[in-house]
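Visitor: My file is start21.txt. It has compact mmCIF, C-alpha atoms:
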# COMPACT_ATOMS: atom_id res chain seq x y z
CA MET A 1 75.45 -73.52 -85.14
CA ILE A 2 78.24 -73.22 -87.72
CA ALA A 3 77.56 -72.00 -91.27
CA GLY A 4 79.49 -71.18 -94.41
CA GLY A 5 79.40 -71.10 -98.18
CA LYS A 6 79.56 -68.62 -101.04
CA ARG A 7 76.26 -67.02 -100.12
CA LEU A 8 77.72 -65.64 -96.92
CA THR A 9 80.24 -63.70 -99.00
CA GLY A 10 77.52 -61.99 -101.02
CA ASN A 11 77.10 -64.47 -103.92
CA THR A 12 73.31 -64.75 -104.29
CA GLN A 13 72.86 -65.99 -107.86
CA GLN A 14 69.45 -67.40 -108.77
CA PRO A 15 70.11 -70.94 -110.04
CA LYS A 16 67.79 -73.25 -111.89
CA LEU A 17 68.41 -76.18 -109.54
CA SER A 18 69.52 -76.67 -105.95
CA ILE A 19 71.24 -79.93 -105.03
CA VAL A 20 70.53 -80.68 -101.37
CA THR A 21 72.60 -83.08 -99.29
CA ALA A 22 71.95 -83.90 -95.63
CA THR A 23 74.99 -85.19 -93.75
CA TYR A 24 75.86 -86.61 -90.37
CA ASN A 25 79.35 -87.95 -89.66
CA ALA A 26 79.91 -88.32 -93.42
CA ALA A 27 83.63 -87.49 -93.52
CA ALA A 28 84.50 -90.86 -95.07
CA PHE A 29 82.28 -90.10 -98.08
CA LEU A 30 82.79 -86.39 -98.65
CA PRO A 31 86.15 -86.39 -100.52
CA ALA A 32 84.71 -88.62 -103.27
CA TYR A 33 81.40 -86.74 -103.08
CA PHE A 34 83.02 -83.39 -103.88
CA ILE A 35 85.10 -84.89 -106.70
CA ASN A 36 81.88 -86.24 -108.23
CA VAL A 37 79.55 -83.29 -107.67
CA THR A 38 81.82 -80.31 -108.36
CA PRO A 39 81.85 -80.67 -112.20
CA TYR A 40 78.05 -80.31 -112.22
CA LEU A 41 78.02 -77.03 -110.27
CA ASN A 42 77.61 -73.89 -112.37
CA ASP A 43 75.40 -70.83 -112.69
CA ASP A 44 72.36 -73.11 -113.11
CA VAL A 45 73.17 -75.56 -110.29
CA GLU A 46 73.95 -74.71 -106.66
CA LEU A 47 74.83 -76.96 -103.73
CA VAL A 48 73.30 -76.72 -100.25
CA ILE A 49 74.48 -79.02 -97.44
CA ILE A 50 72.79 -79.35 -94.06
CA ASP A 51 74.75 -81.23 -91.41
CA GLY A 52 73.34 -82.63 -88.19
CA GLY A 53 76.19 -81.61 -85.93
CA SER A 54 78.90 -84.05 -87.03
CA THR A 55 81.91 -84.82 -84.86
CA ASP A 56 84.05 -86.85 -87.29
CA GLY A 57 85.71 -84.18 -89.45
CA THR A 58 82.69 -83.47 -91.67
CA ILE A 59 82.61 -79.81 -90.62
CA GLU A 60 86.28 -79.35 -91.48
CA LEU A 61 85.63 -80.79 -94.95
CA LEU A 62 82.66 -78.45 -95.45
CA GLN A 63 84.87 -75.52 -94.48
CA LYS A 64 87.56 -76.71 -96.89
CA HIS A 65 85.07 -76.86 -99.77
CA SER A 66 83.09 -73.72 -98.91
CA ASP A 67 84.05 -72.19 -102.25
CA LYS A 68 81.97 -74.88 -103.98
CA ILE A 69 78.94 -74.78 -101.67
CA ALA A 70 76.29 -72.08 -101.96
CA TYR A 71 75.36 -72.54 -98.31
CA TRP A 72 76.11 -75.05 -95.55
CA LEU A 73 74.96 -75.29 -91.99
CA SER A 74 75.83 -77.62 -89.11
CA GLU A 75 73.62 -77.96 -86.05
CA PRO A 76 71.73 -80.79 -84.34
CA ASP A 77 68.54 -81.95 -86.05
CA ASN A 78 65.84 -84.59 -85.68
CA GLY A 79 66.86 -86.85 -88.52
CA ILE A 80 67.32 -86.81 -92.27
CA TYR A 81 63.90 -85.44 -93.22
CA ASP A 82 64.13 -82.68 -90.64
CA ALA A 83 67.47 -81.77 -92.25
CA MET A 84 65.91 -81.83 -95.72
CA ASN A 85 63.02 -79.61 -94.63
CA LYS A 86 65.54 -77.22 -93.11
CA ALA A 87 67.63 -77.27 -96.29
CA ILE A 88 64.67 -76.28 -98.46
CA ARG A 89 64.53 -72.93 -96.65
CA HIS A 90 68.12 -72.24 -97.73
CA THR A 91 67.76 -73.14 -101.42
CA LEU A 92 67.29 -70.62 -104.23
CA GLY A 93 66.74 -73.01 -107.15
CA ARG A 94 63.49 -73.34 -109.07
CA TRP A 95 63.88 -77.10 -108.73
CA ILE A 96 65.23 -79.07 -105.77
CA TYR A 97 67.14 -82.33 -106.00
CA PHE A 98 68.21 -84.53 -103.06
CA LEU A 99 71.49 -86.45 -103.15
CA GLY A 100 73.08 -88.54 -100.40
CA ALA A 101 76.71 -88.06 -99.40
CA ASP A 102 77.43 -91.61 -100.59
CA ASP A 103 75.49 -91.22 -103.88
CA SER A 104 76.97 -90.26 -107.25
CA LEU A 105 75.74 -88.06 -110.08
CA MET A 106 75.89 -89.68 -113.53
CA ASP A 107 76.46 -88.26 -117.02
CA GLY A 108 72.73 -87.82 -117.65
CA PHE A 109 72.34 -85.36 -114.79
CA GLY A 110 73.26 -82.33 -116.90
CA ALA A 111 70.92 -83.38 -119.70
CA MET A 112 68.11 -83.70 -117.16
CA VAL A 113 68.73 -80.22 -115.77
CA ALA A 114 68.48 -78.86 -119.32
CA GLU A 115 65.00 -80.41 -119.65
CA LEU A 116 63.53 -78.82 -116.53
CA GLN A 117 60.97 -76.44 -117.98
CA ASN A 118 57.47 -76.68 -116.47
CA GLU A 119 57.48 -75.50 -112.87
CA SER A 120 54.46 -77.61 -111.95
CA THR A 121 56.13 -80.82 -113.16
CA VAL A 122 58.04 -83.33 -111.06
CA TYR A 123 60.59 -84.79 -113.45
CA TYR A 124 62.21 -88.14 -112.80
CA GLY A 125 64.94 -90.05 -114.59
CA ALA A 126 66.81 -93.34 -114.43
CA THR A 127 69.23 -94.43 -111.71
CA LEU A 128 71.75 -97.18 -111.17
CA PHE A 129 69.88 -99.68 -109.02
CA TYR A 130 71.97 -102.56 -107.66
CA GLY A 131 74.54 -101.85 -110.36
CA LYS A 132 72.08 -101.86 -113.27
CA PRO A 133 70.29 -98.95 -114.98
CA TYR A 134 66.76 -98.72 -113.63
CA HIS A 135 64.43 -97.23 -116.22
CA LYS A 136 60.86 -97.37 -114.96
CA ILE A 137 57.86 -95.29 -115.94
CA TYR A 138 55.56 -95.45 -112.92
CA ASN A 139 51.81 -95.90 -112.72
CA ASP A 140 49.43 -96.14 -109.77
CA TYR A 141 49.79 -99.87 -109.33
CA TYR A 142 53.58 -99.90 -109.54
CA LEU A 143 53.64 -97.22 -106.86
CA THR A 144 52.10 -99.79 -104.50
CA LYS A 145 55.13 -102.01 -105.12
CA MET A 146 57.94 -99.51 -104.87
CA ASN A 147 58.47 -95.85 -104.18
CA LEU A 148 59.97 -93.61 -106.83
CA VAL A 149 63.74 -93.59 -106.33
CA HIS A 150 64.58 -90.46 -104.35
CA GLN A 151 67.76 -89.82 -106.35
CA SER A 152 65.74 -89.84 -109.60
CA LEU A 153 63.41 -86.97 -108.67
CA PHE A 154 63.61 -83.28 -109.53
CA TYR A 155 60.94 -81.44 -107.55
CA PRO A 156 59.77 -77.97 -108.58
CA ARG A 157 59.98 -75.45 -105.75
CA ALA A 158 56.18 -75.20 -105.75
CA VAL A 159 56.00 -78.70 -104.24
CA PHE A 160 57.63 -77.44 -101.06
CA GLU A 161 55.52 -74.33 -100.95
CA LYS A 162 52.59 -76.74 -100.44
CA TYR A 163 54.19 -79.75 -98.71
CA ARG A 164 57.01 -80.73 -96.39
CA TYR A 165 58.46 -84.10 -95.45
CA ASP A 166 56.28 -85.50 -92.68
CA ALA A 167 58.21 -86.34 -89.51
CA ARG A 168 55.71 -89.08 -88.64
CA TYR A 169 57.52 -91.22 -91.22
CA PRO A 170 61.25 -91.24 -90.31
CA VAL A 171 62.18 -93.63 -93.17
CA TYR A 172 59.44 -93.23 -95.79
CA ALA A 173 58.53 -89.55 -95.62
CA ASP A 174 59.57 -89.28 -99.29
CA TYR A 175 57.20 -92.15 -100.19
CA TYR A 176 54.38 -90.33 -98.42
CA LEU A 177 55.23 -87.09 -100.22
CA ASN A 178 55.14 -88.83 -103.61
CA LEU A 179 51.77 -90.42 -102.81
CA GLN A 180 50.37 -87.01 -101.92
CA LEU A 181 51.69 -85.53 -105.14
CA TRP A 182 50.72 -88.36 -107.50
CA HIS A 183 47.16 -87.18 -108.20
CA ASP A 184 47.45 -83.64 -106.87
CA PRO A 185 45.92 -81.50 -109.66
CA ASP A 186 48.58 -78.84 -109.10
CA PHE A 187 51.36 -81.19 -110.23
CA ARG A 188 52.23 -83.92 -112.68
CA PHE A 189 55.06 -86.43 -113.04
CA GLU A 190 57.08 -86.82 -116.23
CA TYR A 191 59.81 -89.35 -116.96
CA ARG A 192 62.94 -88.47 -118.92
CA ASP A 193 65.27 -91.21 -120.11
CA HIS A 194 68.50 -89.88 -118.61
CA LEU A 195 70.70 -91.82 -116.19
CA VAL A 196 71.02 -89.18 -113.48
CA ALA A 197 72.48 -90.87 -110.38
CA GLY A 198 73.73 -94.01 -108.72
CA PHE A 199 73.60 -95.09 -105.11
CA PRO A 200 75.07 -97.86 -102.97
CA GLU A 201 73.29 -101.17 -102.69
CA GLY A 202 70.90 -101.25 -99.81
CA GLY A 203 70.91 -97.95 -97.99
CA TYR A 204 68.96 -96.55 -95.09
CA SER A 205 65.44 -97.07 -96.44
CA PHE A 206 66.23 -100.66 -97.43
CA TYR A 207 67.19 -101.76 -93.92
CA ALA A 208 65.54 -99.34 -91.48
CA LYS A 209 61.94 -99.87 -90.42
CA ASP A 210 59.13 -97.33 -90.46
CA PRO A 211 56.38 -98.83 -88.29
CA GLN A 212 54.03 -95.86 -88.72
CA PHE A 213 54.21 -96.03 -92.51
CA GLU A 214 53.63 -99.79 -92.45
CA LEU A 215 50.62 -99.22 -90.23
CA ASP A 216 49.26 -96.54 -92.59
CA ARG A 217 50.31 -98.09 -95.92
CA ASP A 218 46.94 -99.62 -96.75
CA SER A 219 44.95 -96.45 -96.03
CA LEU A 220 47.49 -94.27 -97.87
CA PHE A 221 47.22 -96.37 -101.02
CA ARG A 222 43.46 -96.28 -100.76
CA LYS A 223 43.42 -92.49 -100.31
CA TYR A 224 45.98 -91.39 -102.89
CA LEU A 225 45.95 -94.01 -105.66
CA SER A 226 43.31 -95.20 -108.09
CA ARG A 227 40.69 -97.67 -106.92
CA TYR A 228 41.86 -100.20 -109.51
CA ALA A 229 45.46 -99.99 -108.27
CA TYR A 230 44.30 -100.34 -104.67
CA TYR A 231 42.24 -103.44 -105.47
CA ARG A 232 45.17 -104.99 -107.31
CA TYR A 233 47.41 -104.23 -104.35
CA LEU A 234 44.96 -105.91 -101.96
CA ASN A 235 44.68 -108.93 -104.20
CA ARG A 236 48.48 -109.21 -104.40
CA THR A 237 48.99 -108.93 -100.66
CA LEU A 238 45.85 -110.60 -99.26
CA GLY A 239 44.51 -112.86 -101.98
CA TRP A 240 41.16 -112.54 -103.73
CA PHE A 241 38.97 -113.87 -100.88
CA LYS A 242 40.37 -111.59 -98.17
CA THR A 243 40.29 -108.74 -100.69
CA LEU A 244 36.58 -109.35 -101.22
CA LEU A 245 35.97 -109.36 -97.47
CA ARG A 246 37.94 -106.13 -97.13
CA LEU A 247 35.96 -104.45 -99.89
CA LEU A 248 32.67 -105.55 -98.39
CA ALA A 249 33.75 -104.26 -94.99
CA ASN A 250 34.80 -100.92 -96.47
CA GLY A 251 31.61 -100.58 -98.47
Let me see the structure of the file written as structure tokens.
Guide:
Amino acid sequence: MIAGGKRLTGNTQQPKLSIVTATYNAAAFLPAYFINVTPYLNDDVELVIIDGGSTDGTIELLQKHSDKIAYWLSEPDNGIYDAMNKAIRHTLGRWIYFLGADDSLMDGFGAMVAELQNESTVYYGATLFYGKPYHKIYNDYYLTKMNLVHQSLFYPRAVFEKYRYDARYPVYADYYLNLQLWHDPDFRFEYRDHLVAGFPEGGYSFYAKDPQFELDRDSLFRKYLSRYAYYRYLNRTLGWFKTLLRLLANG
């Protein structure tokens, strides 16, 4: 294990927000990443980076930029969500925001941080999606079509006092988390019209498969979303006749 950052030198400020980035052999992205992220770091915003034991020069870059990072750690892990769960334990912010090493913060990020007020609210903003601003206010049915964009979400710390990313879903653990939260009476989602981040076309969740999530998708939608949204989802994916048969079978 190798660790560093300002916190190890006694700087333990209590920020409003923690930016979390999980890395593994990300040296090609980190120079541009630090140029982009550094202007947004201040007394209200800290940076925590958890690395999975990189061998490509990532650790040397983390050491070089330790004066910008509140805390960083490099050791083997069991994938990106394991790294994110680990990172949460090292954050001090009242909200937690996840950013990939190849993602970029946008001008609206600071305005969004200023609007974080209710510590039971998951705030989400707009992102650049395939090069175009993606402004979408979600509802139950739309959540059956597409997960909330991970780079748009600002989770209050209370979320992770109740939940963690579930390792059963190596690609869509964030989708599962959002489904659990959507109607949880302890939380609510609120949209703010700020362009907060951009990310490369495609990406891990666009190409990688999550067989367990695909197997569970139907039952998860049924459990966590409204009945109307679930019926619309079945009709969209199965057609009305098979939907009717499914409903009759389920009682």
Visitor: Considering all atoms listed in the file, can you say which of A:Tyr233, A:Tyr172, A:Tyr228, A:Tyr191 comes closest to A:Lys209?
Guide: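 Checking each of A:Tyr233, A:Tyr172, A:Tyr228, A:Tyr191 against A:Lys209, counting all atoms listed in the file, the winner is A:Tyr172.
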Visitor: Quick one: everything within 8 Å of stretch 60-64 of chain A, counting only C-alpha atoms, minus sequence neighbours fewer than 3 positions away in the same chain. Send it as a ChimeraX atom specification.
Guide: /A:4-5,27,30-31,57,67,72
Visitor: Calculated over all atoms listed in the file, which of the candidates A:Lys136, A:Tyr24, A:Glu214, A:Val113 has the smallest distance to A:Asp44?
Guide: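 Result for the nearest residue to A:Asp44: A:Val113.
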Visitor: Quick one: pull the distance between atom CA of A:Glu115 and atom CA of A:Phe187, Å, one decimal.
Guide: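 It comes out at 16.6 Å.
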Visitor: A:Tyr165, A:Phe29, A:Phe154, A:Tyr71: which is nearest A:Leu92, counting only C-alpha atoms?
Guide: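 Smallest separation from A:Leu92 among the options: A:Tyr71.
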Visitor: Give me, please, the distance in Å between atom CA of A:Gly131 and atom CA of A:His65, quoted to one decimal.
Guide: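 Atom-to-atom, atom CA of A:Gly131 to atom CA of A:His65, that is 29.1 Å.
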Visitor: From the set A:Met112, A:Ile2, A:Ile19, A:Leu215, which residue has the shortest atom-to-atom contact distance to A:Leu73, counting all atoms listed in the file?
Guide: A:Ile2
Visitor: Once 3 Å is added on each side, what are the centre and the three edge lengths, in Å to one decimal, of the axis-aligned box enclosing the listed atoms of stretch 90-99 of chain A? Present them as JSON.
Guide:
{"center_x": 67.5, "center_y": -78.5, "center_z": -103.4, "size_x": 14.0, "size_y": 21.8, "size_z": 17.3}
Visitor: Would you mind telling me which residue in A:Tyr141, A:Tyr123, A:Tyr134, A:Trp95 lies nearest to A:Arg222 when using all atoms listed in the file?
Guide: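 Of A:Tyr141, A:Tyr123, A:Tyr134, A:Trp95, the one nearest A:Arg222 is A:Tyr141, counting all atoms listed in the file.
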Visitor: Could you check which of A:Glu119, A:Glu46, A:Glu75, A:Asp210 is closest to A:Thr91, using all atoms listed in the file?
Guide: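 Using all atoms listed in the file, A:Thr91 sits closest to A:Glu46.
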Visitor: What gap, in Å, lies between atom CA of A:Ala26 and atom CA of A:Asn85?
Guide: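 Going from atom CA of A:Ala26 over to atom CA of A:Asn85, I get 19.0 Å.
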Visitor: Counting only C-alpha atoms, what is within 12 Å of A:Val159, bar same-chain residues fewer than 4 positions away, as a ChimeraX atom specification?
Guide: /A:85,88,94-97,119-123,153-155,163-165,177-178,180-182,184-189
Visitor: Set the distance at 10 Å and use all atoms listed in the file: which residues neighbour A:His194 once local chain neighbours fewer than 2 positions away are removed? I'd like the list as a list in words.
Guide: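 Everything that qualifies: Met106, Asp107, Gly108, Phe109, Gly110, Ala111, Met112, Tyr124, Gly125, Ala126, Thr127, Pro133, His135, Ser152, Tyr191, Arg192, Val196 and Ala197 of chain A.
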Visitor: Could you list, as a list in words, every residue within 8 Å of A:Gly100, counting all atoms listed in the file and ignoring same-chain residues fewer than 5 positions away?
Guide: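 Once the adjacent positions are removed, what remains is Thr21, Ala22 and Thr23 of chain A.
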Visitor: Residues at most 9 Å from A:Phe213, counting only C-alpha atoms, excluding those fewer than 6 positions away in the same chain, as number ranges by chain?
Guide: A: 168-173, 176, 220
Visitor: How would the residues just picked look written out with C-alpha atoms as a PDB file, keeping the file's coordinate frame?
Guide:
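Okay, this is what ended up in part05.pdb:
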ATOM      1  CA  ARG A 168      55.710 -89.080 -88.640  1.00  0.00           C
ATOM      2  CA  TYR A 169      57.520 -91.220 -91.220  1.00  0.00           C
ATOM      3  CA  PRO A 170      61.250 -91.240 -90.310  1.00  0.00           C
ATOM      4  CA  VAL A 171      62.180 -93.630 -93.170  1.00  0.00           C
ATOM      5  CA  TYR A 172      59.440 -93.230 -95.790  1.00  0.00           C
ATOM      6  CA  ALA A 173      58.530 -89.550 -95.620  1.00  0.00           C
ATOM      7  CA  TYR A 176      54.380 -90.330 -98.420  1.00  0.00           C
ATOM      8  CA  LEU A 220      47.490 -94.270 -97.870  1.00  0.00           C
TER       9      LEU A 220
END
